[in-house]
Structure formats: C-alpha cells, structure tokens
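Q: Next comes upload-v1.cif, mmCIF, C-alpha atoms:
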```
data_protein
loop_
_atom_site.label_atom_id
_atom_site.label_comp_id
_atom_site.auth_asym_id
_atom_site.auth_seq_id
_atom_site.Cartn_x
_atom_site.Cartn_y
_atom_site.Cartn_z
CA MET A 20 -80.59 71.68 64.70
CA ARG A 21 -77.54 73.82 65.21
CA ARG A 22 -75.28 74.61 62.32
CA THR A 23 -71.54 74.92 62.38
CA SER A 24 -71.15 75.34 58.62
CA PHE A 25 -73.20 76.81 55.81
CA ALA A 26 -71.77 74.65 53.06
CA ASP A 27 -74.92 72.55 52.95
CA MET A 28 -77.31 75.49 52.60
CA ASN A 29 -78.25 75.77 48.96
CA CYS A 30 -78.11 79.53 48.81
CA SER A 31 -75.45 81.57 47.08
CA ILE A 32 -75.29 84.06 49.94
CA ALA A 33 -74.62 81.27 52.43
CA GLN A 34 -72.05 79.74 50.09
CA SER A 35 -70.30 83.07 49.82
CA LEU A 36 -70.29 83.58 53.55
CA GLU A 37 -68.66 80.19 53.92
CA ALA A 38 -65.70 81.71 52.08
CA VAL A 39 -65.72 85.31 53.19
CA GLY A 40 -68.20 85.63 56.04
CA GLU A 41 -66.05 86.93 58.81
CA TRP A 42 -64.62 90.32 59.71
CA TRP A 43 -60.94 89.65 59.30
CA THR A 44 -61.44 87.91 56.01
CA LEU A 45 -63.17 90.90 54.47
CA LEU A 46 -60.61 93.34 55.86
CA ILE A 47 -57.79 91.20 54.49
CA LEU A 48 -59.54 91.34 51.13
CA ARG A 49 -59.95 95.09 51.44
CA ASP A 50 -56.20 95.42 51.88
CA ALA A 51 -55.47 92.91 49.12
CA MET A 52 -57.53 95.10 46.78
CA MET A 53 -55.44 98.07 47.85
CA GLY A 54 -52.30 96.24 46.75
CA VAL A 55 -51.13 94.60 49.97
CA THR A 56 -49.54 91.21 49.28
CA ARG A 57 -47.16 90.37 52.09
CA PHE A 58 -47.84 88.81 55.46
CA ASP A 59 -46.04 91.49 57.44
CA GLN A 60 -47.90 94.26 55.62
CA PHE A 61 -51.28 92.71 56.37
CA GLN A 62 -50.20 92.17 59.93
CA ALA A 63 -49.02 95.75 60.46
CA ARG A 64 -52.03 97.35 58.77
CA LEU A 65 -54.67 95.25 60.47
CA GLY A 66 -53.18 94.77 63.91
CA ILE A 67 -54.25 91.15 63.70
CA ALA A 68 -52.64 88.34 65.67
CA ARG A 69 -50.17 86.43 63.49
CA ASN A 70 -51.77 83.05 64.07
CA VAL A 71 -55.21 84.42 63.15
CA LEU A 72 -53.78 86.01 60.01
CA THR A 73 -52.09 82.76 59.02
CA THR A 74 -55.37 80.87 59.37
CA ARG A 75 -57.37 83.46 57.44
CA LEU A 76 -54.89 83.71 54.59
CA GLN A 77 -54.80 79.93 54.27
CA SER A 78 -58.58 79.78 54.20
CA LEU A 79 -58.66 82.36 51.41
CA VAL A 80 -56.08 80.32 49.47
CA ASP A 81 -58.13 77.15 50.04
CA HIS A 82 -61.22 78.90 48.70
CA GLY A 83 -59.36 80.06 45.59
CA ILE A 84 -59.71 83.73 46.52
CA LEU A 85 -56.00 84.39 47.05
CA ALA A 86 -53.07 82.59 45.42
CA GLU A 87 -49.67 82.09 47.03
CA VAL A 88 -46.84 83.28 44.82
CA GLN A 89 -43.18 82.78 45.72
CA TYR A 90 -41.22 86.03 45.43
CA GLN A 91 -37.94 84.96 47.04
CA GLU A 92 -35.99 81.70 46.97
CA ARG A 93 -33.61 81.78 49.93
CA PRO A 94 -35.25 81.78 52.31
CA PRO A 95 -38.50 80.96 50.50
CA ARG A 96 -41.00 83.79 50.83
CA PHE A 97 -44.53 83.99 49.50
CA GLU A 98 -46.94 86.73 48.80
CA TYR A 99 -50.71 86.59 48.44
CA VAL A 100 -52.38 87.87 45.31
CA LEU A 101 -56.03 88.02 44.39
CA THR A 102 -57.29 85.46 41.91
CA ALA A 103 -60.00 86.32 39.38
CA LYS A 104 -62.54 84.90 41.81
CA GLY A 105 -61.15 87.02 44.63
CA GLY A 106 -60.91 90.16 42.57
CA GLU A 107 -64.60 90.00 41.76
CA LEU A 108 -65.39 90.55 45.42
CA TRP A 109 -64.69 94.24 44.82
CA THR A 110 -68.40 94.59 44.16
CA VAL A 111 -69.29 93.34 47.65
CA LEU A 112 -66.66 95.51 49.33
CA THR A 113 -67.74 98.55 47.33
CA MET A 114 -71.36 98.17 48.40
CA LEU A 115 -70.27 97.61 51.99
CA ARG A 116 -68.06 100.72 51.87
CA GLN A 117 -70.82 102.84 50.41
CA TRP A 118 -73.32 101.65 52.97
CA GLY A 119 -70.87 102.49 55.75
CA ASP A 120 -70.19 105.87 54.14
CA ARG A 121 -73.87 106.63 54.21
CA TRP A 122 -74.75 105.42 57.68
CA SER A 123 -71.56 105.42 59.74
CA ALA A 124 -69.43 108.33 58.49
CA PRO A 125 -70.94 111.49 60.00
CA ALA A 126 -67.68 113.44 59.51
CA GLY A 127 -67.59 112.68 55.79
CA VAL A 128 -66.29 109.68 53.92
CA PRO A 129 -62.83 108.51 55.01
CA VAL A 130 -62.05 107.16 51.55
CA GLU A 131 -63.47 108.18 48.20
CA ALA A 132 -63.19 106.42 44.87
CA VAL A 133 -62.28 108.14 41.61
CA HIS A 134 -63.52 106.54 38.40
CA ASP A 135 -60.39 106.53 36.27
CA ALA A 136 -62.31 106.61 33.01
CA CYS A 137 -64.22 109.83 33.74
CA GLY A 138 -62.04 111.37 36.46
CA HIS A 139 -64.86 112.01 38.91
CA VAL A 140 -65.42 110.88 42.47
CA THR A 141 -67.96 108.15 41.96
CA ARG A 142 -70.47 106.06 43.77
CA ALA A 143 -71.33 102.73 42.21
CA ARG A 144 -74.99 102.51 41.21
CA LEU A 145 -76.82 99.28 40.48
CA VAL A 146 -78.64 98.91 37.19
CA CYS A 147 -80.55 96.05 35.59
CA SER A 148 -78.47 93.91 33.23
CA GLU A 149 -81.49 93.58 30.93
CA CYS A 150 -83.13 97.00 30.68
CA GLY A 151 -80.31 99.17 32.02
CA GLU A 152 -82.58 101.07 34.38
CA PRO A 153 -81.54 101.76 37.99
CA LEU A 154 -82.42 98.95 40.39
CA ARG A 155 -84.16 99.56 43.67
CA GLY A 156 -84.34 97.02 46.45
CA GLY A 157 -88.08 96.63 46.49
CA GLU A 158 -88.23 95.95 42.76
CA LEU A 159 -86.64 92.53 42.70
CA THR A 160 -88.74 89.39 42.99
CA LEU A 161 -86.78 86.30 43.98
CA ARG A 162 -87.78 82.88 42.68
CA HIS A 163 -86.22 79.45 42.32
CA GLY A 164 -83.56 79.21 39.63
CA PRO A 165 -82.34 76.19 37.66
CA GLY A 166 -80.06 75.10 40.52
CA ALA A 167 -82.76 75.16 43.18
CA PRO A 168 -83.08 72.01 45.26
CA GLU A 169 -86.09 70.67 47.07
CA GLY A 170 -86.63 72.97 50.01
CA GLY A 171 -84.44 75.74 48.68
CA VAL A 172 -84.51 79.10 50.40
CA LEU A 173 -87.17 81.47 49.14
CA PRO A 174 -89.39 84.25 50.48
CA ALA A 175 -91.37 83.46 53.59
CA MET B 1 -51.82 95.03 69.14
CA ARG B 2 -54.78 92.71 68.93
CA ARG B 3 -58.17 94.05 68.10
CA THR B 4 -61.46 92.92 69.50
CA SER B 5 -63.55 95.60 67.83
CA PHE B 6 -63.38 97.57 64.60
CA ALA B 7 -65.28 100.60 65.84
CA ASP B 8 -62.06 102.61 66.09
CA MET B 9 -60.89 101.87 62.56
CA ASN B 10 -61.73 104.86 60.42
CA CYS B 11 -62.84 102.89 57.40
CA SER B 12 -66.41 102.50 56.21
CA ILE B 13 -65.90 98.83 55.47
CA ALA B 14 -64.71 98.18 59.02
CA GLN B 15 -67.58 100.26 60.40
CA SER B 16 -70.04 98.24 58.37
CA LEU B 17 -68.57 94.96 59.50
CA GLU B 18 -68.97 96.13 63.08
CA ALA B 19 -72.71 96.05 62.38
CA VAL B 20 -73.10 93.19 59.94
CA GLY B 21 -69.80 91.32 59.77
CA GLU B 22 -70.79 87.90 60.80
CA TRP B 23 -72.43 84.97 59.08
CA TRP B 24 -75.65 84.74 61.02
CA THR B 25 -76.23 88.43 60.87
CA LEU B 26 -76.14 88.48 57.09
CA LEU B 27 -78.34 85.40 56.81
CA ILE B 28 -80.86 86.96 59.20
CA LEU B 29 -80.85 90.01 56.95
CA ARG B 30 -81.27 87.83 53.88
CA ASP B 31 -84.40 86.37 55.43
CA ALA B 32 -85.62 89.76 56.63
CA MET B 33 -85.40 90.97 53.03
CA MET B 34 -87.47 87.97 52.00
CA GLY B 35 -90.22 89.05 54.36
CA VAL B 36 -89.43 87.08 57.51
CA THR B 37 -90.28 89.08 60.63
CA ARG B 38 -90.90 86.68 63.50
CA PHE B 39 -88.47 85.01 65.82
CA ASP B 40 -89.82 81.51 65.27
CA GLN B 41 -89.70 81.93 61.50
CA PHE B 42 -86.07 83.00 61.58
CA GLN B 43 -85.31 80.17 63.92
CA ALA B 44 -86.98 77.52 61.79
CA ARG B 45 -85.50 78.74 58.49
CA LEU B 46 -81.95 79.19 59.72
CA GLY B 47 -81.63 76.30 62.17
CA ILE B 48 -79.91 78.72 64.53
CA ALA B 49 -79.75 78.27 68.30
CA ARG B 50 -82.36 80.43 70.01
CA ASN B 51 -79.88 82.21 72.26
CA VAL B 52 -77.66 83.05 69.29
CA LEU B 53 -80.65 84.34 67.35
CA THR B 54 -81.74 86.48 70.29
CA THR B 55 -78.28 88.04 70.53
CA ARG B 56 -78.02 88.69 66.79
CA LEU B 57 -81.48 90.22 66.51
CA GLN B 58 -80.77 92.50 69.45
CA SER B 59 -77.48 93.59 67.90
CA LEU B 60 -79.26 94.43 64.65
CA VAL B 61 -81.84 96.45 66.61
CA ASP B 62 -79.03 98.22 68.50
CA HIS B 63 -77.38 99.14 65.20
CA GLY B 64 -80.62 100.54 63.80
CA ILE B 65 -80.83 97.88 61.10
CA LEU B 66 -83.96 96.18 62.39
CA ALA B 67 -86.77 97.73 64.43
CA GLU B 68 -88.88 95.88 66.97
CA VAL B 69 -92.59 96.29 66.34
CA GLN B 70 -95.23 94.95 68.71
CA TYR B 71 -97.86 92.94 66.86
CA GLN B 72 -99.73 91.41 69.79
CA GLU B 73 -100.65 92.74 73.22
CA ARG B 74 -101.45 89.74 75.38
CA PRO B 75 -98.98 88.23 75.67
CA PRO B 76 -96.75 90.94 74.19
CA ARG B 77 -95.17 89.76 70.95
CA PHE B 78 -92.74 91.59 68.71
CA GLU B 79 -91.63 91.27 65.17
CA TYR B 80 -88.49 92.55 63.49
CA VAL B 81 -88.72 94.77 60.46
CA LEU B 82 -86.00 96.35 58.38
CA THR B 83 -85.35 100.05 58.87
CA ALA B 84 -84.32 102.28 55.96
CA LYS B 85 -80.70 101.73 56.99
CA GLY B 86 -81.20 97.98 57.06
CA GLY B 87 -83.09 97.86 53.80
CA GLU B 88 -80.20 99.50 51.97
CA LEU B 89 -78.06 96.46 52.70
CA TRP B 90 -79.87 94.77 49.81
CA THR B 91 -77.00 96.02 47.62
CA VAL B 92 -74.41 94.13 49.67
CA LEU B 93 -76.50 90.96 49.77
CA THR B 94 -77.17 91.17 46.04
CA MET B 95 -73.48 91.42 45.21
CA LEU B 96 -72.74 88.57 47.60
CA ARG B 97 -75.46 86.43 46.01
CA GLN B 98 -74.24 87.13 42.51
CA TRP B 99 -70.65 86.35 43.43
CA GLY B 100 -71.77 83.06 44.96
CA ASP B 101 -73.90 82.33 41.88
CA ARG B 102 -70.87 82.77 39.70
CA TRP B 103 -68.29 80.86 41.72
CA SER B 104 -70.18 78.44 43.93
CA ALA B 105 -73.26 77.34 42.03
CA PRO B 106 -72.10 74.76 39.46
CA ALA B 107 -75.61 73.29 39.11
CA GLY B 108 -77.11 76.67 38.23
CA VAL B 109 -78.31 79.47 40.43
CA PRO B 110 -80.54 78.38 43.31
CA VAL B 111 -82.38 81.70 43.32
CA GLU B 112 -82.87 84.17 40.50
CA ALA B 113 -84.14 87.75 40.68
CA VAL B 114 -86.75 89.19 38.37
CA HIS B 115 -86.69 92.94 37.80
CA ASP B 116 -90.31 93.88 38.30
CA ALA B 117 -90.09 96.94 36.05
CA CYS B 118 -88.94 95.06 32.93
CA GLY B 119 -90.00 91.52 33.75
CA HIS B 120 -86.64 89.89 33.02
CA VAL B 121 -84.34 87.80 35.15
CA THR B 122 -81.69 90.33 36.04
CA ARG B 123 -78.21 90.61 37.37
CA ALA B 124 -77.34 93.89 39.04
CA ARG B 125 -74.55 95.72 37.20
CA LEU B 126 -72.48 98.52 38.71
CA VAL B 127 -72.25 101.80 36.86
CA CYS B 128 -70.57 105.10 37.67
CA SER B 129 -72.85 107.66 39.35
CA GLU B 130 -71.17 110.43 37.35
CA CYS B 131 -70.72 109.18 33.78
CA GLY B 132 -73.10 106.23 33.81
CA GLU B 133 -70.59 103.85 32.25
CA PRO B 134 -70.08 100.32 33.63
CA LEU B 135 -67.58 100.14 36.49
CA ARG B 136 -64.79 97.59 36.58
CA GLY B 137 -62.83 96.79 39.69
CA GLY B 138 -59.46 97.90 38.40
CA GLU B 139 -60.78 101.29 37.35
CA LEU B 140 -61.33 102.81 40.76
CA THR B 141 -58.60 104.80 42.48
CA LEU B 142 -59.09 105.22 46.21
CA ARG B 143 -57.95 108.36 47.98
CA HIS B 144 -58.61 110.13 51.27
CA GLY B 145 -62.01 111.76 51.51
CA PRO B 146 -63.19 114.67 53.66
CA GLY B 147 -63.65 112.44 56.70
CA ALA B 148 -60.17 110.93 56.56
CA PRO B 149 -58.21 111.08 59.81
CA GLU B 150 -54.48 111.09 60.30
CA GLY B 151 -53.29 107.63 59.43
CA GLY B 152 -56.49 106.63 57.64
CA VAL B 153 -56.51 103.44 55.62
CA LEU B 154 -55.35 103.80 52.04
CA PRO B 155 -53.56 101.77 49.39
CA ALA B 156 -50.28 100.17 50.44
#
```
Could the structure of this file be written out as structure tokens, please?
A:
Amino acid sequence: MRRTSFADMNCSIAQSLEAVGEWWTLLILRDAMMGVTRFDQFQARLGIARNVLTTRLQSLVDHGILAEVQYQERPPRFEYVLTAKGGELWTVLTMLRQWGDRWSAPAGVPVEAVHDACGHVTRARLVCSECGEPLRGGELTLRHGPGAPEGGVLPA
Amino acid sequence: MRRTSFADMNCSIAQSLEAVGEWWTLLILRDAMMGVTRFDQFQARLGIARNVLTTRLQSLVDHGILAEVQYQERPPRFEYVLTAKGGELWTVLTMLRQWGDRWSAPAGVPVEAVHDACGHVTRARLVCSECGEPLRGGELTLRHGPGAPEGGVLPA
C-alpha cells in the first residue's frame, strides 16, 4: 500500500500534518504569526513562487487555519489572518524554533523571544497539566484514548 | 527567486524544517518515539514505499536524528534509534498531537498520554523558563538574538 494522503490515519499527528505538514506551509505560518497578512509580503519574505504561495494559502484557508479578509474594495484585495485554530499552532512553531536553536544555531540564536509578562528572554518549557511538574520525553506513556479506532496507532 | 532549500535561511524554524519538514519524516519520528527501530516495522506501520522509506531514514541519519545500529552480523542488519538530538523532537510532536487532538479529533482523542510521575492523563502546557507562568501565544515578542545576521527574519 502506498499512501498519498494521511486523512485516513487515525492519529492526531497525521491529521495535523495533513493540514500543515510541508515546509512552505509552516514558514507561511511563521510569518503570519509575525504579523504578515498580504500576499506580496509573504512572497517577498519567503522568496516563494507565486503559484506555490497561492496554492499554500488556499490550503490553509480550506483547513480553517487562515481566513481571507477583504481590506480593499476597488479593486478587491484580500489579506490572510490567523484563525483561532491557526493561532494555536504557535506551540508547534515555538518547539520547532527552540529545537533548531539548540541543534542548528552554533553562532547563537537568530531570534529570541521575550515574555511580555515578565520581561525576560524566555524558552518555553513543558509541564504536566495535572501535576504541574516539568515533563520529560521518556516520562509519557501513550495509550488508546476514547477516539481510538480498531487498529489505531500505538507503541510497537 | 525560487528556493529549493532552506539551509541558507537564518531562522531556526527553517533550519529545523530542513531536517524534519516533511510528512513522512515526522511520522517516522512518531513511530521511532513509540519504539519502532526496524525497517520492516516502519514499512508495515506506515504503508510507505520502501524506496521512500530508505531515503527518509538515510536523511534522518545524515541529520543526526537517527543512528544506525547493527543488531545482526550475518547477514548484516541495522536498526534505527533516536539520538539525543532526535529524541528532543518529542516536544514538537507532542504539540502537533495536541493541536490535532483539539481541532481534528471530533470523536475524542485517538491516543492519550499518561504522565508516569503523577499517573494522570496529561496535556503538556507551556510555561516561561524565567518566571514559570503559563505562556500564551500573544505574549511573546520576537527580536534579533546574538546569532542574527544582517537581514534576519523578524516581524513584518
């Protein structure tokens, strides 16, 4: 069996990748989170071919991650703004940025994040929603949840 | 300008995507984190073409995310195990899983994670490394860090 889509894989990671699992898509979202909204801005910042950008933006709209908002009537012009669903991807991008900072930024981090509330340069840490203690990768045990189908994906 | 690689973009997200920015790669890593190590196991679980899997595994080895370990001499057989660098991607996959759980799992989560230390089903929460308070997406201000080049990527 060869797959061309992950929509039928009952796994939230696969479902997410169906929406955002591609380089350009995540870089478009990175820029959207930095306040970019207009086609020409995305195009200039990313150096992406216009037809590829058009396709990617439409896919993000179709997945409910970006919304098209008209900002000019004549001629009609639209900008792309993050929805609530799209905005929540900041967690994924933050973890990806921090991982890159740690393993692929020998000259120091290119971008740092200041936590507005405390004023310090911050790294996001993961803690348990239940006990509040820091989470480590080896300390999570995965098991079927209420939405698990027959043959759902679990540890080998 | 059209790009075919992101290696020259001085941005840790782009650098990370250079290593892991592709559907299969992240699903291979998902399975590696679930304990899968052998080619035939990956192949059977993912339904991926063997030549594609070979290419993806080699790329992950080249990026230092997986290591090849010989487990049999005659004939020589290798398995693929996560390196420290690869293992730290659990944060990215966890955020991606949780985002998919929230937005693409109407029948309930297919997989849930138990925090071994406290015994509860957990969701990872992001907190500030400096003040310990919960982080929200809109509360981070990005600015150039010590490794920022001329023309580095920043808010629009």
Q: Please, which residues of chain A lie no more than 6 Å from chain B when the count uses all atoms listed in the file, and can they be set out as an NGL selection string?
A: :A and (20-21 or 31-32 or 35 or 40-42 or 53-55 or 66-68 or 111 or 114-116 or 119-120 or 126-135 or 141-148 or 158-167 or 174-175)
Q: Please write out chain A, superposed on chain B by least squares over all C-alpha atoms matched in order, as an mmCIF file with C-alpha atoms, in the frame of the given file.
A:
```
data_model
loop_
_atom_site.group_PDB
_atom_site.id
_atom_site.type_symbol
_atom_site.label_atom_id
_atom_site.label_comp_id
_atom_site.auth_asym_id
_atom_site.auth_seq_id
_atom_site.Cartn_x
_atom_site.Cartn_y
_atom_site.Cartn_z
ATOM 1 C CA MET A 20 -51.848 95.026 69.118
ATOM 2 C CA ARG A 21 -54.796 92.698 68.936
ATOM 3 C CA ARG A 22 -58.205 94.027 68.102
ATOM 4 C CA THR A 23 -61.494 92.884 69.504
ATOM 5 C CA SER A 24 -63.571 95.574 67.797
ATOM 6 C CA PHE A 25 -63.382 97.537 64.576
ATOM 7 C CA ALA A 26 -65.282 100.562 65.805
ATOM 8 C CA ASP A 27 -62.083 102.572 66.075
ATOM 9 C CA MET A 28 -60.893 101.847 62.534
ATOM 10 C CA ASN A 29 -61.732 104.847 60.411
ATOM 11 C CA CYS A 30 -62.848 102.889 57.394
ATOM 12 C CA SER A 31 -66.408 102.508 56.206
ATOM 13 C CA ILE A 32 -65.918 98.822 55.449
ATOM 14 C CA ALA A 33 -64.725 98.175 58.998
ATOM 15 C CA GLN A 34 -67.590 100.247 60.384
ATOM 16 C CA SER A 35 -70.046 98.220 58.363
ATOM 17 C CA LEU A 36 -68.558 94.949 59.485
ATOM 18 C CA GLU A 37 -68.970 96.091 63.065
ATOM 19 C CA ALA A 38 -72.709 96.007 62.379
ATOM 20 C CA VAL A 39 -73.099 93.165 59.937
ATOM 21 C CA GLY A 40 -69.791 91.320 59.769
ATOM 22 C CA GLU A 41 -70.770 87.859 60.795
ATOM 23 C CA TRP A 42 -72.454 84.940 59.065
ATOM 24 C CA TRP A 43 -75.653 84.722 61.035
ATOM 25 C CA THR A 44 -76.221 88.430 60.866
ATOM 26 C CA LEU A 45 -76.132 88.469 57.085
ATOM 27 C CA LEU A 46 -78.348 85.393 56.810
ATOM 28 C CA ILE A 47 -80.856 86.957 59.192
ATOM 29 C CA LEU A 48 -80.837 90.009 56.943
ATOM 30 C CA ARG A 49 -81.274 87.824 53.884
ATOM 31 C CA ASP A 50 -84.411 86.362 55.429
ATOM 32 C CA ALA A 51 -85.623 89.759 56.630
ATOM 33 C CA MET A 52 -85.399 90.956 53.020
ATOM 34 C CA MET A 53 -87.477 87.966 51.984
ATOM 35 C CA GLY A 54 -90.222 89.065 54.366
ATOM 36 C CA VAL A 55 -89.429 87.084 57.509
ATOM 37 C CA THR A 56 -90.268 89.086 60.637
ATOM 38 C CA ARG A 57 -90.899 86.700 63.496
ATOM 39 C CA PHE A 58 -88.459 85.013 65.831
ATOM 40 C CA ASP A 59 -89.818 81.523 65.274
ATOM 41 C CA GLN A 60 -89.684 81.938 61.499
ATOM 42 C CA PHE A 61 -86.048 83.016 61.580
ATOM 43 C CA GLN A 62 -85.301 80.187 63.940
ATOM 44 C CA ALA A 63 -86.978 77.523 61.798
ATOM 45 C CA ARG A 64 -85.502 78.755 58.514
ATOM 46 C CA LEU A 65 -81.958 79.187 59.747
ATOM 47 C CA GLY A 66 -81.633 76.320 62.188
ATOM 48 C CA ILE A 67 -79.903 78.721 64.541
ATOM 49 C CA ALA A 68 -79.745 78.269 68.301
ATOM 50 C CA ARG A 69 -82.360 80.444 70.015
ATOM 51 C CA ASN A 70 -79.887 82.212 72.268
ATOM 52 C CA VAL A 71 -77.647 83.058 69.297
ATOM 53 C CA LEU A 72 -80.644 84.357 67.358
ATOM 54 C CA THR A 73 -81.735 86.499 70.294
ATOM 55 C CA THR A 74 -78.275 88.058 70.528
ATOM 56 C CA ARG A 75 -78.023 88.694 66.790
ATOM 57 C CA LEU A 76 -81.472 90.229 66.501
ATOM 58 C CA GLN A 77 -80.755 92.518 69.441
ATOM 59 C CA SER A 78 -77.475 93.592 67.890
ATOM 60 C CA LEU A 79 -79.257 94.447 64.643
ATOM 61 C CA VAL A 80 -81.830 96.473 66.607
ATOM 62 C CA ASP A 81 -79.024 98.247 68.492
ATOM 63 C CA HIS A 82 -77.364 99.136 65.197
ATOM 64 C CA GLY A 83 -80.614 100.539 63.802
ATOM 65 C CA ILE A 84 -80.814 97.885 61.086
ATOM 66 C CA LEU A 85 -83.959 96.182 62.386
ATOM 67 C CA ALA A 86 -86.759 97.742 64.437
ATOM 68 C CA GLU A 87 -88.879 95.880 66.975
ATOM 69 C CA VAL A 88 -92.585 96.305 66.346
ATOM 70 C CA GLN A 89 -95.239 94.948 68.706
ATOM 71 C CA TYR A 90 -97.866 92.929 66.832
ATOM 72 C CA GLN A 91 -99.741 91.407 69.776
ATOM 73 C CA GLU A 92 -100.654 92.752 73.210
ATOM 74 C CA ARG A 93 -101.447 89.745 75.392
ATOM 75 C CA PRO A 94 -98.992 88.242 75.653
ATOM 76 C CA PRO A 95 -96.762 90.945 74.157
ATOM 77 C CA ARG A 96 -95.154 89.761 70.936
ATOM 78 C CA PHE A 97 -92.725 91.593 68.696
ATOM 79 C CA GLU A 98 -91.620 91.262 65.164
ATOM 80 C CA TYR A 99 -88.478 92.561 63.490
ATOM 81 C CA VAL A 100 -88.710 94.789 60.456
ATOM 82 C CA LEU A 101 -85.987 96.350 58.373
ATOM 83 C CA THR A 102 -85.342 100.042 58.863
ATOM 84 C CA ALA A 103 -84.308 102.275 55.960
ATOM 85 C CA LYS A 104 -80.701 101.727 56.989
ATOM 86 C CA GLY A 105 -81.202 97.969 57.047
ATOM 87 C CA GLY A 106 -83.082 97.855 53.790
ATOM 88 C CA GLU A 107 -80.200 99.505 51.982
ATOM 89 C CA LEU A 108 -78.060 96.467 52.696
ATOM 90 C CA TRP A 109 -79.839 94.769 49.795
ATOM 91 C CA THR A 110 -77.001 96.027 47.631
ATOM 92 C CA VAL A 111 -74.403 94.128 49.676
ATOM 93 C CA LEU A 112 -76.486 90.950 49.766
ATOM 94 C CA THR A 113 -77.172 91.169 46.039
ATOM 95 C CA MET A 114 -73.479 91.414 45.209
ATOM 96 C CA LEU A 115 -72.722 88.569 47.601
ATOM 97 C CA ARG A 116 -75.457 86.427 46.018
ATOM 98 C CA GLN A 117 -74.226 87.130 42.520
ATOM 99 C CA TRP A 118 -70.654 86.343 43.436
ATOM 100 C CA GLY A 119 -71.774 83.050 44.965
ATOM 101 C CA ASP A 120 -73.899 82.335 41.891
ATOM 102 C CA ARG A 121 -70.870 82.778 39.710
ATOM 103 C CA TRP A 122 -68.299 80.870 41.719
ATOM 104 C CA SER A 123 -70.165 78.428 43.949
ATOM 105 C CA ALA A 124 -73.273 77.321 42.028
ATOM 106 C CA PRO A 125 -72.090 74.767 39.455
ATOM 107 C CA ALA A 126 -75.607 73.292 39.108
ATOM 108 C CA GLY A 127 -77.116 76.666 38.234
ATOM 109 C CA VAL A 128 -78.313 79.475 40.440
ATOM 110 C CA PRO A 129 -80.545 78.380 43.328
ATOM 111 C CA VAL A 130 -82.392 81.695 43.334
ATOM 112 C CA GLU A 131 -82.872 84.179 40.527
ATOM 113 C CA ALA A 132 -84.127 87.737 40.697
ATOM 114 C CA VAL A 133 -86.759 89.191 38.378
ATOM 115 C CA HIS A 134 -86.686 92.943 37.809
ATOM 116 C CA ASP A 135 -90.320 93.881 38.305
ATOM 117 C CA ALA A 136 -90.095 96.928 36.072
ATOM 118 C CA CYS A 137 -88.920 95.065 32.958
ATOM 119 C CA GLY A 138 -90.005 91.507 33.783
ATOM 120 C CA HIS A 139 -86.656 89.892 33.047
ATOM 121 C CA VAL A 140 -84.343 87.790 35.168
ATOM 122 C CA THR A 141 -81.691 90.312 36.045
ATOM 123 C CA ARG A 142 -78.214 90.618 37.371
ATOM 124 C CA ALA A 143 -77.324 93.892 39.030
ATOM 125 C CA ARG A 144 -74.536 95.720 37.206
ATOM 126 C CA LEU A 145 -72.470 98.515 38.703
ATOM 127 C CA VAL A 146 -72.234 101.805 36.861
ATOM 128 C CA CYS A 147 -70.569 105.116 37.670
ATOM 129 C CA SER A 148 -72.868 107.657 39.325
ATOM 130 C CA GLU A 149 -71.172 110.429 37.335
ATOM 131 C CA CYS A 150 -70.706 109.177 33.777
ATOM 132 C CA GLY A 151 -73.101 106.224 33.810
ATOM 133 C CA GLU A 152 -70.579 103.861 32.266
ATOM 134 C CA PRO A 153 -70.080 100.333 33.642
ATOM 135 C CA LEU A 154 -67.579 100.153 36.496
ATOM 136 C CA ARG A 155 -64.797 97.622 36.593
ATOM 137 C CA GLY A 156 -62.804 96.818 39.691
ATOM 138 C CA GLY A 157 -59.452 97.924 38.394
ATOM 139 C CA GLU A 158 -60.776 101.322 37.347
ATOM 140 C CA LEU A 159 -61.333 102.836 40.757
ATOM 141 C CA THR A 160 -58.613 104.830 42.482
ATOM 142 C CA LEU A 161 -59.115 105.230 46.218
ATOM 143 C CA ARG A 162 -57.969 108.379 47.994
ATOM 144 C CA HIS A 163 -58.629 110.146 51.276
ATOM 145 C CA GLY A 164 -62.043 111.775 51.524
ATOM 146 C CA PRO A 165 -63.209 114.694 53.670
ATOM 147 C CA GLY A 166 -63.670 112.428 56.707
ATOM 148 C CA ALA A 167 -60.190 110.931 56.574
ATOM 149 C CA PRO A 168 -58.229 111.054 59.813
ATOM 150 C CA GLU A 169 -54.505 111.076 60.320
ATOM 151 C CA GLY A 170 -53.327 107.602 59.444
ATOM 152 C CA GLY A 171 -56.486 106.621 57.630
ATOM 153 C CA VAL A 172 -56.508 103.432 55.608
ATOM 154 C CA LEU A 173 -55.339 103.814 52.035
ATOM 155 C CA PRO A 174 -53.521 101.778 49.389
ATOM 156 C CA ALA A 175 -50.259 100.203 50.435
#
```
Q: In Å, with one decimal, what is the gap from atom CA of A:Arg96 to atom CA of A:His82?
A: 20.9 Å
Q: Would you kindly return, as a PyMOL selection string, each protein, DNA or RNA residue with an atom no farther than 6 Å from any atom of B:Tyr80, considering all atoms listed in the file and excluding same-chain residues fewer than 3 positions away?
A: chain B and resi 37+66-68
Q: Kindly save the residues from that selection, with C-alpha atoms included, as a PDB file, in the frame of the given file.
A:
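To be explicit, this is the file written out as again-v8.pdb:
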```
ATOM      1  CA  THR B  37     -90.280  89.080  60.630  1.00  0.00           C
ATOM      2  CA  LEU B  66     -83.960  96.180  62.390  1.00  0.00           C
ATOM      3  CA  ALA B  67     -86.770  97.730  64.430  1.00  0.00           C
ATOM      4  CA  GLU B  68     -88.880  95.880  66.970  1.00  0.00           C
TER       5      GLU B  68
END
```
Q: Grab the atom CA of A:Thr74 to atom CA of B:Thr55 distance for me, in Å with one decimal place.
A: 26.5 Å
Q: Quote the spacing between atom CA of B:Ser59 and atom CA of B:Arg74 in Å to one decimal place.
A: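 If I compute the distance from atom CA of B:Ser59 to atom CA of B:Arg74, I get 25.4 Å.
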Q: Box in all listed atoms of stretch 107-111 of chain A, axis-aligned, with 8 Å more on each side; write out centre and edge lengths in Å to one decimal as AutoDock Vina command-line options.
A:
```
--center_x -66.9 --center_y 92.3 --center_z 44.7 --size_x 20.7 --size_y 20.6 --size_z 21.9
```
Q: Given the choices B:Ile65, B:Glu73, B:Asp40, B:Glu79, which gets closest to B:Leu53 if the distance is worked out from only C-alpha atoms?
A: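 Looking at the shortest contact to B:Leu53, the residue is B:Asp40.
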